[in-house]
Amino acid sequence: MRVHAYRGRFAPSPTGPLHLGSLFAALVSWVHARQHCGRWSIRIDDLDAQRCDPQWSDAIIATLAAFGLTSDTPIVYQSDRIIAYGEAFAQLSAHAYHCTCSRKSRAPGPYAGTCRRRLGRSLPLQGAIRVDCASLQCTLDDIIMGHCMYPHPGDPIIRRTDGLYAYQLACTVDDAMDQITHVIRGVDLLESTLWQRHLMHHLHLTPPTYGHFPVLVGHQGDKLSKQHGAPGINPRQPGQVFRQLATILERPEPPDAGVPIPDWLDWWLAQGDVTSWWPKMRQNIPIA
Ligand code: GLU
Ligand code: ZN
């Protein structure tokens with residue numbers, strides 16, 4: 001058995017405090033790693049300096065630690081890996097093209113491939129670059145959702161108009177560099193998975209195993225997120241927050257809020273295989 005080779009990760013973007021939805025995502029990936037005797041790492045997705053703040057990185061790491069979720073390996077910062085992303089970008093150039101469509105001129109939904117006719121031409125030093133995903137596979141064997149079929153998401157941007165390497169490229173490179181074997185994340189990232197797996201194929205990398213779980217949604221049915229103003233969680237009362245999560249997940253007999261965090265984590269680990277935690281599969285979980 002190669003169980004010890006398991007490596008999982010949680011990859012927050014430091015654009016605000018950790019909220020309940022992201023704590024839930026961290027916990028699920030951590031429990032899955034531990035239930036498979038695996039290692040679990042934190043990666044900070046801080047490529048976009050306009051939106052990210054080192055203070056939020058530190059705050060998120062400290063909050064995770066208050067919940068007993070600490071990285072088994074040194075924390076990776078995407079902002080330290082620009083050279084690696086540049087190398088992968090160069091390797092993808094045969095499949096890439098310059099896209100001059102403005103956001104306004106584009107129809108909503110997946111990118112229609114208007115600029116694909118430029119495939120094969122050399123790439124300009126500036127401007128948005130997309131990767132041709134015409135042959136992308138739209139099915140996925142997901143260890144949580146089972147066999148899924150997803151509409152074609154279009155061609156992703158790998159370098160943005162502002163010159164930054166895009167998340168899709170960075171995450172693809174990172175998961176390979178960090179030898180991640182299991183990517184366990186919210187179902188909102190399913191589209192990213194199809195793209196990242198396709199980019200891995202072009203880069204001759206072996207994709208990890210993927211599992212997507214339902215995300216916590218607010219009253220309007222939208223995912224809890226910083227953009228929608230989800231409040232930060234209180235790292236001084238981790239037991240209370242864990243109890244709130246246990247209630248949302250309809251777990252019977254959660255411990256008291258005052259129970260020490262290591263005992264809480266043992267309780268989470270004893271809640272059965274994390275892939276069977278959801279009462280109604282494929283649905284998102286309202287927080288109230
Ligand atoms: N940082 C991204 C996010 O928070 C990516 C997460 C991931 O790849 O798991 O949505
Ligand atoms: Zn275009």
# chains A, B, ... in the order shown; residues from 1 in each chain; ligands from 1
call {"tool": "select_by_dssp", "arguments": {"residues": "segment 123-283 of chain A", "states": "helix (DSSP H, G or I)", "output": "PyMOL selection string"}}
result
chain A and resi 167-177+187-202+238-248+261-269+274-276
call {"tool": "residues_around", "arguments": {"residues": "segment 203-210 of chain A", "least_positions_apart": "5", "cutoff": "12 Å", "atoms": "only C-alpha atoms", "output": "short mmCIF file (atom, residue, chain, number, x, y, z; two decimals) with N, CA, C and O atoms, in the first residue's frame"}}
result
data_model
loop_
_atom_site.label_atom_id
_atom_site.label_comp_id
_atom_site.auth_asym_id
_atom_site.auth_seq_id
_atom_site.Cartn_x
_atom_site.Cartn_y
_atom_site.Cartn_z
N ALA A 5 2.12 8.01 0.70
CA ALA A 5 2.47 8.96 -0.36
C ALA A 5 1.39 10.03 -0.51
O ALA A 5 1.58 11.00 -1.22
N TYR A 6 0.27 9.85 0.18
CA TYR A 6 -0.84 10.82 0.04
C TYR A 6 -0.35 12.22 0.42
O TYR A 6 0.25 12.42 1.47
N ARG A 7 -0.64 13.19 -0.46
CA ARG A 7 -0.41 14.59 -0.11
C ARG A 7 -1.60 15.43 -0.53
O ARG A 7 -1.98 15.45 -1.69
N GLY A 8 -2.16 16.11 0.44
CA GLY A 8 -3.31 16.98 0.16
C GLY A 8 -2.94 18.42 0.43
O GLY A 8 -1.85 18.71 0.96
N ARG A 9 -3.84 19.32 0.09
CA ARG A 9 -3.54 20.73 0.34
C ARG A 9 -4.79 21.57 0.47
O ARG A 9 -5.88 21.18 0.03
N SER A 29 -10.55 18.91 3.55
CA SER A 29 -9.32 18.41 2.91
C SER A 29 -8.37 17.84 3.97
O SER A 29 -7.71 16.83 3.74
N HIS A 32 -9.76 14.40 5.12
CA HIS A 32 -9.53 13.39 4.09
C HIS A 32 -8.06 12.94 4.10
O HIS A 32 -7.76 11.75 4.03
N TYR A 85 6.23 29.35 -13.09
CA TYR A 85 5.04 29.58 -13.92
C TYR A 85 5.46 30.03 -15.32
O TYR A 85 4.85 29.63 -16.31
N GLU A 87 8.15 29.19 -16.90
CA GLU A 87 8.64 28.02 -17.63
C GLU A 87 7.47 27.20 -18.18
O GLU A 87 7.48 26.78 -19.34
N ALA A 88 6.47 27.02 -17.36
CA ALA A 88 5.29 26.25 -17.81
C ALA A 88 4.58 27.02 -18.92
O ALA A 88 4.12 26.43 -19.91
N PHE A 89 4.51 28.33 -18.77
CA PHE A 89 3.87 29.17 -19.80
C PHE A 89 4.58 28.96 -21.14
O PHE A 89 3.94 28.76 -22.17
N ALA A 90 5.91 28.97 -21.10
CA ALA A 90 6.69 28.78 -22.35
C ALA A 90 6.40 27.39 -22.95
O ALA A 90 6.25 27.26 -24.16
N GLN A 91 6.30 26.41 -22.07
CA GLN A 91 6.02 25.05 -22.58
C GLN A 91 4.65 24.93 -23.21
O GLN A 91 4.41 24.06 -24.04
N LEU A 92 3.74 25.80 -22.77
CA LEU A 92 2.37 25.72 -23.30
C LEU A 92 2.19 26.53 -24.57
O LEU A 92 1.11 26.51 -25.18
N SER A 93 3.24 27.24 -24.98
CA SER A 93 3.04 28.23 -26.05
C SER A 93 2.53 27.62 -27.35
O SER A 93 1.79 28.26 -28.09
N ALA A 94 2.88 26.37 -27.61
CA ALA A 94 2.41 25.74 -28.86
C ALA A 94 0.89 25.57 -28.87
O ALA A 94 0.28 25.43 -29.92
N HIS A 95 0.29 25.59 -27.67
CA HIS A 95 -1.16 25.39 -27.58
C HIS A 95 -1.87 26.69 -27.23
O HIS A 95 -3.05 26.68 -26.88
N VAL A 131 -5.28 29.16 -23.59
CA VAL A 131 -4.84 27.85 -24.09
C VAL A 131 -6.01 27.17 -24.79
O VAL A 131 -7.14 27.18 -24.30
N THR A 139 -15.57 14.89 -18.77
CA THR A 139 -16.04 13.99 -17.72
C THR A 139 -14.94 13.85 -16.67
O THR A 139 -13.76 14.07 -16.95
N LEU A 140 -15.38 13.51 -15.48
CA LEU A 140 -14.43 13.40 -14.38
C LEU A 140 -14.88 12.28 -13.45
O LEU A 140 -16.07 12.19 -13.12
N ASP A 141 -13.96 11.45 -13.04
CA ASP A 141 -14.28 10.46 -12.00
C ASP A 141 -13.87 11.08 -10.68
O ASP A 141 -12.70 11.15 -10.35
N ASP A 142 -14.87 11.55 -9.97
CA ASP A 142 -14.66 12.33 -8.77
C ASP A 142 -14.86 11.41 -7.56
O ASP A 142 -15.86 10.69 -7.50
N ILE A 143 -13.93 11.45 -6.61
CA ILE A 143 -14.04 10.49 -5.52
C ILE A 143 -15.17 10.84 -4.54
O ILE A 143 -15.50 10.05 -3.68
N ILE A 144 -15.74 12.03 -4.67
CA ILE A 144 -16.88 12.37 -3.81
C ILE A 144 -18.18 12.35 -4.62
O ILE A 144 -19.17 11.74 -4.21
N MET A 145 -18.18 12.99 -5.77
CA MET A 145 -19.43 13.12 -6.54
C MET A 145 -19.66 11.95 -7.48
O MET A 145 -20.72 11.87 -8.11
N GLY A 146 -18.67 11.10 -7.64
CA GLY A 146 -18.83 10.00 -8.59
C GLY A 146 -18.47 10.45 -10.00
O GLY A 146 -17.72 11.40 -10.18
N HIS A 147 -19.05 9.80 -10.97
CA HIS A 147 -18.74 10.12 -12.37
C HIS A 147 -19.52 11.38 -12.75
O HIS A 147 -20.74 11.39 -12.67
N CYS A 148 -18.83 12.45 -13.14
CA CYS A 148 -19.53 13.70 -13.48
C CYS A 148 -19.30 14.05 -14.93
O CYS A 148 -18.27 13.75 -15.51
N LEU A 169 -3.05 28.41 -14.44
CA LEU A 169 -1.69 27.96 -14.74
C LEU A 169 -0.91 27.73 -13.45
O LEU A 169 -0.27 26.69 -13.26
N CYS A 171 -1.90 27.14 -10.36
CA CYS A 171 -2.37 26.01 -9.55
C CYS A 171 -1.93 24.68 -10.18
O CYS A 171 -1.55 23.74 -9.47
N THR A 172 -1.97 24.61 -11.51
CA THR A 172 -1.54 23.40 -12.21
C THR A 172 -0.08 23.10 -11.88
O THR A 172 0.29 21.96 -11.53
N VAL A 173 0.75 24.13 -11.99
CA VAL A 173 2.19 23.96 -11.72
C VAL A 173 2.41 23.59 -10.25
O VAL A 173 3.17 22.68 -9.93
N ASP A 174 1.70 24.28 -9.36
CA ASP A 174 1.89 24.04 -7.92
C ASP A 174 1.53 22.61 -7.53
O ASP A 174 2.27 21.96 -6.80
N ASP A 175 0.37 22.16 -7.97
CA ASP A 175 -0.06 20.83 -7.54
C ASP A 175 0.96 19.78 -8.00
O ASP A 175 1.22 18.81 -7.29
N ALA A 176 1.56 20.00 -9.17
CA ALA A 176 2.59 19.07 -9.63
C ALA A 176 3.88 19.24 -8.82
O ALA A 176 4.45 18.27 -8.32
N MET A 177 4.33 20.49 -8.65
CA MET A 177 5.58 20.73 -7.91
C MET A 177 5.52 20.21 -6.48
O MET A 177 6.49 19.71 -5.94
N ASP A 178 4.35 20.34 -5.89
CA ASP A 178 4.19 19.93 -4.49
C ASP A 178 3.82 18.46 -4.36
O ASP A 178 3.52 17.99 -3.26
N GLN A 179 3.79 17.78 -5.50
CA GLN A 179 3.47 16.34 -5.54
C GLN A 179 2.16 16.03 -4.82
O GLN A 179 2.06 15.06 -4.05
N ILE A 180 1.18 16.90 -5.09
CA ILE A 180 -0.14 16.71 -4.50
C ILE A 180 -0.80 15.49 -5.17
O ILE A 180 -0.86 15.40 -6.40
N THR A 181 -1.26 14.57 -4.34
CA THR A 181 -1.90 13.37 -4.91
C THR A 181 -3.42 13.50 -4.89
O THR A 181 -4.10 12.84 -5.67
N HIS A 182 -3.96 14.33 -3.96
CA HIS A 182 -5.41 14.44 -3.82
C HIS A 182 -5.80 15.91 -3.69
O HIS A 182 -5.37 16.58 -2.74
N VAL A 183 -6.60 16.38 -4.63
CA VAL A 183 -7.14 17.74 -4.55
C VAL A 183 -8.59 17.62 -4.13
O VAL A 183 -9.44 17.13 -4.88
N ILE A 184 -8.85 18.01 -2.88
CA ILE A 184 -10.20 17.90 -2.32
C ILE A 184 -10.67 19.33 -2.10
O ILE A 184 -10.12 20.05 -1.25
N ARG A 185 -11.64 19.79 -2.88
CA ARG A 185 -12.05 21.18 -2.79
C ARG A 185 -13.51 21.32 -3.19
O ARG A 185 -14.14 20.36 -3.65
N GLY A 186 -14.03 22.53 -3.05
CA GLY A 186 -15.46 22.75 -3.27
C GLY A 186 -15.86 22.55 -4.72
O GLY A 186 -15.06 22.72 -5.65
N VAL A 187 -17.13 22.23 -4.90
CA VAL A 187 -17.66 21.94 -6.22
C VAL A 187 -17.62 23.19 -7.12
O VAL A 187 -17.66 23.07 -8.36
N LEU A 189 -15.16 24.68 -7.86
CA LEU A 189 -13.89 24.65 -8.61
C LEU A 189 -13.83 23.51 -9.63
O LEU A 189 -12.77 23.24 -10.20
N LEU A 190 -14.99 22.91 -9.90
CA LEU A 190 -15.00 21.78 -10.85
C LEU A 190 -14.50 22.19 -12.24
O LEU A 190 -13.73 21.47 -12.88
N GLU A 191 -14.95 23.36 -12.67
CA GLU A 191 -14.52 23.87 -13.97
C GLU A 191 -12.99 24.02 -14.01
O GLU A 191 -12.33 23.64 -14.97
N SER A 192 -12.44 24.55 -12.92
CA SER A 192 -10.99 24.70 -12.81
C SER A 192 -10.30 23.35 -12.93
O SER A 192 -9.24 23.23 -13.53
N THR A 193 -10.91 22.34 -12.34
CA THR A 193 -10.32 21.00 -12.40
C THR A 193 -10.19 20.53 -13.85
O THR A 193 -9.15 20.01 -14.24
N LEU A 194 -11.23 20.74 -14.64
CA LEU A 194 -11.17 20.30 -16.04
C LEU A 194 -10.04 21.02 -16.76
O LEU A 194 -9.27 20.43 -17.52
N TRP A 195 -9.91 22.31 -16.52
CA TRP A 195 -8.84 23.09 -17.15
C TRP A 195 -7.46 22.63 -16.67
O TRP A 195 -6.55 22.43 -17.44
N GLN A 196 -7.35 22.50 -15.35
CA GLN A 196 -6.02 22.18 -14.78
C GLN A 196 -5.57 20.80 -15.23
O GLN A 196 -4.39 20.58 -15.53
N ARG A 197 -6.50 19.87 -15.30
CA ARG A 197 -6.15 18.54 -15.77
C ARG A 197 -5.70 18.61 -17.24
O ARG A 197 -4.75 17.93 -17.64
N HIS A 198 -6.35 19.46 -18.02
CA HIS A 198 -5.97 19.61 -19.43
C HIS A 198 -4.58 20.24 -19.55
O HIS A 198 -3.76 19.82 -20.36
N THR A 275 -15.97 11.47 2.62
CA THR A 275 -16.72 11.50 1.36
C THR A 275 -18.19 11.13 1.55
O THR A 275 -19.00 11.27 0.64
#
call {"tool": "closest_residue", "arguments": {"among": "A:Ile261, A:Cys99, A:Ile248, A:Leu224", "to": "ligand 2", "atoms": "only C-alpha atoms and all ligand atoms"}}
result
A:Cys99
call {"tool": "residues_near_ligand", "arguments": {"ligand": "ligand 1", "cutoff": "6 Å", "atoms": "only C-alpha atoms and all ligand atoms", "output": "list of chain:residue names"}}
result
A:Phe10, A:Ala11, A:Pro12, A:Ser13, A:Asp45, A:Arg185
call {"tool": "write_last_selection", "arguments": {"atoms": "N, CA and C atoms", "output": "PDB file, in the first residue's frame"}}
result
ATOM      1  N   PHE A  10      -4.614  22.726   1.070  1.00  0.00           N
ATOM      2  CA  PHE A  10      -5.650  23.748   1.134  1.00  0.00           C
ATOM      3  C   PHE A  10      -5.002  25.027   0.631  1.00  0.00           C
ATOM      4  N   ALA A  11      -5.686  25.721  -0.284  1.00  0.00           N
ATOM      5  CA  ALA A  11      -5.033  26.840  -0.978  1.00  0.00           C
ATOM      6  C   ALA A  11      -5.875  28.113  -0.930  1.00  0.00           C
ATOM      7  N   PRO A  12      -5.879  28.805   0.196  1.00  0.00           N
ATOM      8  CA  PRO A  12      -6.686  30.030   0.290  1.00  0.00           C
ATOM      9  C   PRO A  12      -6.050  31.206  -0.452  1.00  0.00           C
ATOM     10  N   SER A  13      -6.899  32.119  -0.893  1.00  0.00           N
ATOM     11  CA  SER A  13      -6.424  33.391  -1.455  1.00  0.00           C
ATOM     12  C   SER A  13      -6.512  34.430  -0.343  1.00  0.00           C
ATOM     13  N   ASP A  45      -2.412  31.448  -2.218  1.00  0.00           N
ATOM     14  CA  ASP A  45      -2.590  31.880  -3.613  1.00  0.00           C
ATOM     15  C   ASP A  45      -2.570  33.409  -3.685  1.00  0.00           C
ATOM     16  N   ARG A 185     -11.641  19.785  -2.882  1.00  0.00           N
ATOM     17  CA  ARG A 185     -12.055  21.184  -2.792  1.00  0.00           C
ATOM     18  C   ARG A 185     -13.512  21.317  -3.192  1.00  0.00           C
TER      19      ARG A 185
END
call {"tool": "residues_near_ligand", "arguments": {"ligand": "ligand 2", "cutoff": "7 Å", "atoms": "only C-alpha atoms and all ligand atoms", "output": "ChimeraX atom specification"}}
result
/A:99-101,113-115
call {"tool": "select_by_dssp", "arguments": {"residues": "segment 99-247 of chain A", "states": "strand (DSSP E or B)", "output": "PyMOL selection string"}}
result
chain A and resi 99+128-131+139-142+146-149+157-159+165+182-186+209-213+216-217+223+232
call {"tool": "write_last_selection", "arguments": {"atoms": "C-alpha atoms", "output": "CSV table (one decimal), in the first residue's frame"}}
result
chain,number,residue,atom,x,y,z
A,99,CYS,CA,-6.8,36.9,-27.1
A,128,ALA,CA,-4.0,38.0,-22.6
A,129,ILE,CA,-3.1,34.5,-23.6
A,130,ARG,CA,-5.5,31.5,-23.7
A,131,VAL,CA,-4.8,27.9,-24.1
A,139,THR,CA,-16.0,14.0,-17.7
A,140,LEU,CA,-14.4,13.4,-14.4
A,141,ASP,CA,-14.3,10.5,-12.0
A,142,ASP,CA,-14.7,12.3,-8.8
A,146,GLY,CA,-18.8,10.0,-8.6
A,147,HIS,CA,-18.7,10.1,-12.4
A,148,CYS,CA,-19.5,13.7,-13.5
A,149,MET,CA,-20.2,15.3,-16.8
A,157,ILE,CA,-6.6,32.5,-19.7
A,158,ILE,CA,-3.1,31.5,-18.6
A,159,ARG,CA,-1.6,35.0,-18.7
A,165,TYR,CA,0.1,34.4,-14.7
A,182,HIS,CA,-5.4,14.4,-3.8
A,183,VAL,CA,-7.1,17.7,-4.6
A,184,ILE,CA,-10.2,17.9,-2.3
A,185,ARG,CA,-12.1,21.2,-2.8
A,186,GLY,CA,-15.5,22.7,-3.3
A,209,THR,CA,-7.1,12.4,-7.8
A,210,TYR,CA,-9.9,15.0,-7.5
A,211,GLY,CA,-12.8,15.2,-5.1
A,212,HIS,CA,-15.4,18.0,-5.0
A,213,PHE,CA,-17.7,18.6,-2.1
A,216,LEU,CA,-21.7,26.3,2.2
A,217,VAL,CA,-24.2,28.8,0.7
A,223,LYS,CA,-21.5,30.5,-2.0
A,232,GLY,CA,-14.5,36.3,9.3
call {"tool": "residues_around", "arguments": {"residues": "Tyr77 of chain A", "least_positions_apart": "5", "cutoff": "8 Å", "atoms": "only C-alpha atoms", "output": "list in words"}}
result
Arg43, Ile44, Asp45 and Asp46 of chain A
call {"tool": "closest_atom_pairs", "arguments": {"of": "segment 47-77 of chain A", "to": "segment 14-23 of chain A", "cutoff": "8 Å", "atoms": "only C-alpha atoms", "output": "Markdown table"}}
result
| residue | atom | partner | partner_atom | distance |
| --- | --- | --- | --- | --- |
| A:Arg51 | CA | A:Thr15 | CA | 5.7 |
| A:Cys52 | CA | A:Thr15 | CA | 4.6 |
| A:Asp53 | CA | A:Pro14 | CA | 6.0 |
| A:Pro54 | CA | A:Pro14 | CA | 7.2 |
| A:Trp56 | CA | A:Pro14 | CA | 5.0 |
| A:Ser57 | CA | A:Pro14 | CA | 4.9 |
| A:Ala59 | CA | A:Pro17 | CA | 6.7 |
| A:Ile60 | CA | A:Leu18 | CA | 5.5 |
| A:Thr63 | CA | A:Leu18 | CA | 7.1 |
| A:Leu64 | CA | A:Leu23 | CA | 7.4 |
call {"tool": "write_last_selection", "arguments": {"atoms": "N, CA, C and O atoms", "output": "PDB file, in the first residue's frame"}}
result
ATOM      1  N   ARG A  51      -5.128  42.378  -5.066  1.00  0.00           N
ATOM      2  CA  ARG A  51      -6.242  41.862  -4.265  1.00  0.00           C
ATOM      3  C   ARG A  51      -5.774  41.186  -2.972  1.00  0.00           C
ATOM      4  O   ARG A  51      -6.569  40.987  -2.059  1.00  0.00           O
ATOM      5  N   CYS A  52      -4.492  40.780  -2.951  1.00  0.00           N
ATOM      6  CA  CYS A  52      -4.015  40.018  -1.802  1.00  0.00           C
ATOM      7  C   CYS A  52      -3.199  40.897  -0.872  1.00  0.00           C
ATOM      8  O   CYS A  52      -2.595  41.869  -1.312  1.00  0.00           O
ATOM      9  N   ASP A  53      -3.180  40.527   0.379  1.00  0.00           N
ATOM     10  CA  ASP A  53      -2.461  41.313   1.365  1.00  0.00           C
ATOM     11  C   ASP A  53      -1.743  40.330   2.301  1.00  0.00           C
ATOM     12  O   ASP A  53      -2.379  39.425   2.841  1.00  0.00           O
ATOM     13  N   PRO A  54      -0.409  40.522   2.498  1.00  0.00           N
ATOM     14  CA  PRO A  54       0.322  39.612   3.388  1.00  0.00           C
ATOM     15  C   PRO A  54      -0.293  39.532   4.783  1.00  0.00           C
ATOM     16  O   PRO A  54      -0.201  38.507   5.455  1.00  0.00           O
ATOM     17  N   TRP A  56      -3.405  39.397   5.421  1.00  0.00           N
ATOM     18  CA  TRP A  56      -4.461  38.385   5.377  1.00  0.00           C
ATOM     19  C   TRP A  56      -3.855  36.987   5.338  1.00  0.00           C
ATOM     20  O   TRP A  56      -4.406  36.054   5.915  1.00  0.00           O
ATOM     21  N   SER A  57      -2.712  36.850   4.653  1.00  0.00           N
ATOM     22  CA  SER A  57      -2.053  35.534   4.656  1.00  0.00           C
ATOM     23  C   SER A  57      -1.764  35.125   6.093  1.00  0.00           C
ATOM     24  O   SER A  57      -2.092  34.006   6.519  1.00  0.00           O
ATOM     25  N   ALA A  59      -3.037  36.240   8.840  1.00  0.00           N
ATOM     26  CA  ALA A  59      -4.254  36.063   9.640  1.00  0.00           C
ATOM     27  C   ALA A  59      -4.901  34.713   9.328  1.00  0.00           C
ATOM     28  O   ALA A  59      -5.369  34.002  10.235  1.00  0.00           O
ATOM     29  N   ILE A  60      -4.939  34.337   8.058  1.00  0.00           N
ATOM     30  CA  ILE A  60      -5.556  33.056   7.679  1.00  0.00           C
ATOM     31  C   ILE A  60      -4.763  31.893   8.288  1.00  0.00           C
ATOM     32  O   ILE A  60      -5.340  30.952   8.852  1.00  0.00           O
ATOM     33  N   THR A  63      -5.456  31.764  11.954  1.00  0.00           N
ATOM     34  CA  THR A  63      -6.807  31.267  12.240  1.00  0.00           C
ATOM     35  C   THR A  63      -6.861  29.758  12.044  1.00  0.00           C
ATOM     36  O   THR A  63      -7.402  29.023  12.882  1.00  0.00           O
ATOM     37  N   LEU A  64      -6.274  29.274  10.955  1.00  0.00           N
ATOM     38  CA  LEU A  64      -6.253  27.819  10.742  1.00  0.00           C
ATOM     39  C   LEU A  64      -5.572  27.125  11.922  1.00  0.00           C
ATOM     40  O   LEU A  64      -6.039  26.088  12.397  1.00  0.00           O
TER      41      LEU A  64
END
call {"tool": "atom_distance", "arguments": {"atom1": "atom CA of Ser41 of chain A", "atom2": "atom CA of Val76 of chain A"}}
result
8.3 Å
call {"tool": "decode", "arguments": {"residues": "segment 8-82 of chain A", "atoms": "C-alpha atoms", "output": "PDB file, in the first residue's frame"}}
result
ATOM      1  CA  GLY A   8      -3.306  16.978   0.164  1.00  0.00           C
ATOM      2  CA  ARG A   9      -3.537  20.732   0.336  1.00  0.00           C
ATOM      3  CA  PHE A  10      -5.650  23.748   1.134  1.00  0.00           C
ATOM      4  CA  ALA A  11      -5.033  26.840  -0.978  1.00  0.00           C
ATOM      5  CA  PRO A  12      -6.686  30.030   0.290  1.00  0.00           C
ATOM      6  CA  SER A  13      -6.424  33.391  -1.455  1.00  0.00           C
ATOM      7  CA  PRO A  14      -5.442  36.060   1.089  1.00  0.00           C
ATOM      8  CA  THR A  15      -8.044  38.618   0.045  1.00  0.00           C
ATOM      9  CA  GLY A  16      -9.778  38.728   3.412  1.00  0.00           C
ATOM     10  CA  PRO A  17     -10.233  36.808   6.642  1.00  0.00           C
ATOM     11  CA  LEU A  18     -10.980  33.084   6.750  1.00  0.00           C
ATOM     12  CA  HIS A  19     -14.769  32.650   6.750  1.00  0.00           C
ATOM     13  CA  LEU A  20     -16.880  29.655   7.664  1.00  0.00           C
ATOM     14  CA  GLY A  21     -16.975  28.335   4.088  1.00  0.00           C
ATOM     15  CA  SER A  22     -13.202  28.345   3.773  1.00  0.00           C
ATOM     16  CA  LEU A  23     -12.713  26.795   7.219  1.00  0.00           C
ATOM     17  CA  PHE A  24     -15.088  24.046   6.107  1.00  0.00           C
ATOM     18  CA  ALA A  25     -13.020  23.519   2.936  1.00  0.00           C
ATOM     19  CA  ALA A  26      -9.808  23.386   4.968  1.00  0.00           C
ATOM     20  CA  LEU A  27     -11.333  20.915   7.417  1.00  0.00           C
ATOM     21  CA  VAL A  28     -12.667  18.584   4.720  1.00  0.00           C
ATOM     22  CA  SER A  29      -9.321  18.414   2.914  1.00  0.00           C
ATOM     23  CA  TRP A  30      -7.486  17.950   6.234  1.00  0.00           C
ATOM     24  CA  VAL A  31      -9.815  15.159   7.423  1.00  0.00           C
ATOM     25  CA  HIS A  32      -9.528  13.385   4.088  1.00  0.00           C
ATOM     26  CA  ALA A  33      -5.732  13.570   4.269  1.00  0.00           C
ATOM     27  CA  ARG A  34      -5.623  12.292   7.848  1.00  0.00           C
ATOM     28  CA  GLN A  35      -8.142   9.535   7.166  1.00  0.00           C
ATOM     29  CA  HIS A  36      -5.684   8.341   4.502  1.00  0.00           C
ATOM     30  CA  CYS A  37      -2.609   8.736   6.739  1.00  0.00           C
ATOM     31  CA  GLY A  38      -1.565  11.552   4.439  1.00  0.00           C
ATOM     32  CA  ARG A  39       0.236  14.835   4.701  1.00  0.00           C
ATOM     33  CA  TRP A  40      -1.622  18.112   4.365  1.00  0.00           C
ATOM     34  CA  SER A  41      -0.145  21.439   3.293  1.00  0.00           C
ATOM     35  CA  ILE A  42      -1.170  25.051   3.101  1.00  0.00           C
ATOM     36  CA  ARG A  43      -0.495  27.044  -0.059  1.00  0.00           C
ATOM     37  CA  ILE A  44      -1.180  30.760  -0.252  1.00  0.00           C
ATOM     38  CA  ASP A  45      -2.590  31.880  -3.613  1.00  0.00           C
ATOM     39  CA  ASP A  46      -1.204  35.409  -3.501  1.00  0.00           C
ATOM     40  CA  LEU A  47      -0.300  36.071  -7.141  1.00  0.00           C
ATOM     41  CA  ASP A  48      -2.594  39.039  -7.495  1.00  0.00           C
ATOM     42  CA  ALA A  49      -0.858  41.683  -5.400  1.00  0.00           C
ATOM     43  CA  GLN A  50      -3.741  44.131  -5.983  1.00  0.00           C
ATOM     44  CA  ARG A  51      -6.242  41.862  -4.265  1.00  0.00           C
ATOM     45  CA  CYS A  52      -4.015  40.018  -1.802  1.00  0.00           C
ATOM     46  CA  ASP A  53      -2.461  41.313   1.365  1.00  0.00           C
ATOM     47  CA  PRO A  54       0.322  39.612   3.388  1.00  0.00           C
ATOM     48  CA  GLN A  55      -1.601  40.582   6.503  1.00  0.00           C
ATOM     49  CA  TRP A  56      -4.461  38.385   5.377  1.00  0.00           C
ATOM     50  CA  SER A  57      -2.053  35.534   4.656  1.00  0.00           C
ATOM     51  CA  ASP A  58      -0.758  35.721   8.221  1.00  0.00           C
ATOM     52  CA  ALA A  59      -4.254  36.063   9.640  1.00  0.00           C
ATOM     53  CA  ILE A  60      -5.556  33.056   7.679  1.00  0.00           C
ATOM     54  CA  ILE A  61      -2.589  30.905   8.751  1.00  0.00           C
ATOM     55  CA  ALA A  62      -3.070  31.950  12.379  1.00  0.00           C
ATOM     56  CA  THR A  63      -6.807  31.267  12.240  1.00  0.00           C
ATOM     57  CA  LEU A  64      -6.253  27.819  10.742  1.00  0.00           C
ATOM     58  CA  ALA A  65      -3.743  27.126  13.524  1.00  0.00           C
ATOM     59  CA  ALA A  66      -6.350  28.082  16.124  1.00  0.00           C
ATOM     60  CA  PHE A  67      -8.455  25.244  14.693  1.00  0.00           C
ATOM     61  CA  GLY A  68      -5.494  22.852  14.858  1.00  0.00           C
ATOM     62  CA  LEU A  69      -4.983  22.940  11.091  1.00  0.00           C
ATOM     63  CA  THR A  70      -1.269  23.477  10.524  1.00  0.00           C
ATOM     64  CA  SER A  71       0.745  22.716   7.430  1.00  0.00           C
ATOM     65  CA  ASP A  72       2.878  19.555   7.524  1.00  0.00           C
ATOM     66  CA  THR A  73       5.340  21.136   5.088  1.00  0.00           C
ATOM     67  CA  PRO A  74       6.676  24.695   4.729  1.00  0.00           C
ATOM     68  CA  ILE A  75       3.895  26.967   3.490  1.00  0.00           C
ATOM     69  CA  VAL A  76       4.113  27.690  -0.230  1.00  0.00           C
ATOM     70  CA  TYR A  77       3.449  31.205  -1.561  1.00  0.00           C
ATOM     71  CA  GLN A  78       2.569  31.483  -5.232  1.00  0.00           C
ATOM     72  CA  SER A  79       4.284  34.860  -5.373  1.00  0.00           C
ATOM     73  CA  ASP A  80       7.612  33.004  -4.882  1.00  0.00           C
ATOM     74  CA  ARG A  81       7.097  30.808  -7.917  1.00  0.00           C
ATOM     75  CA  ILE A  82       6.847  33.220 -10.842  1.00  0.00           C
TER      76      ILE A  82
END
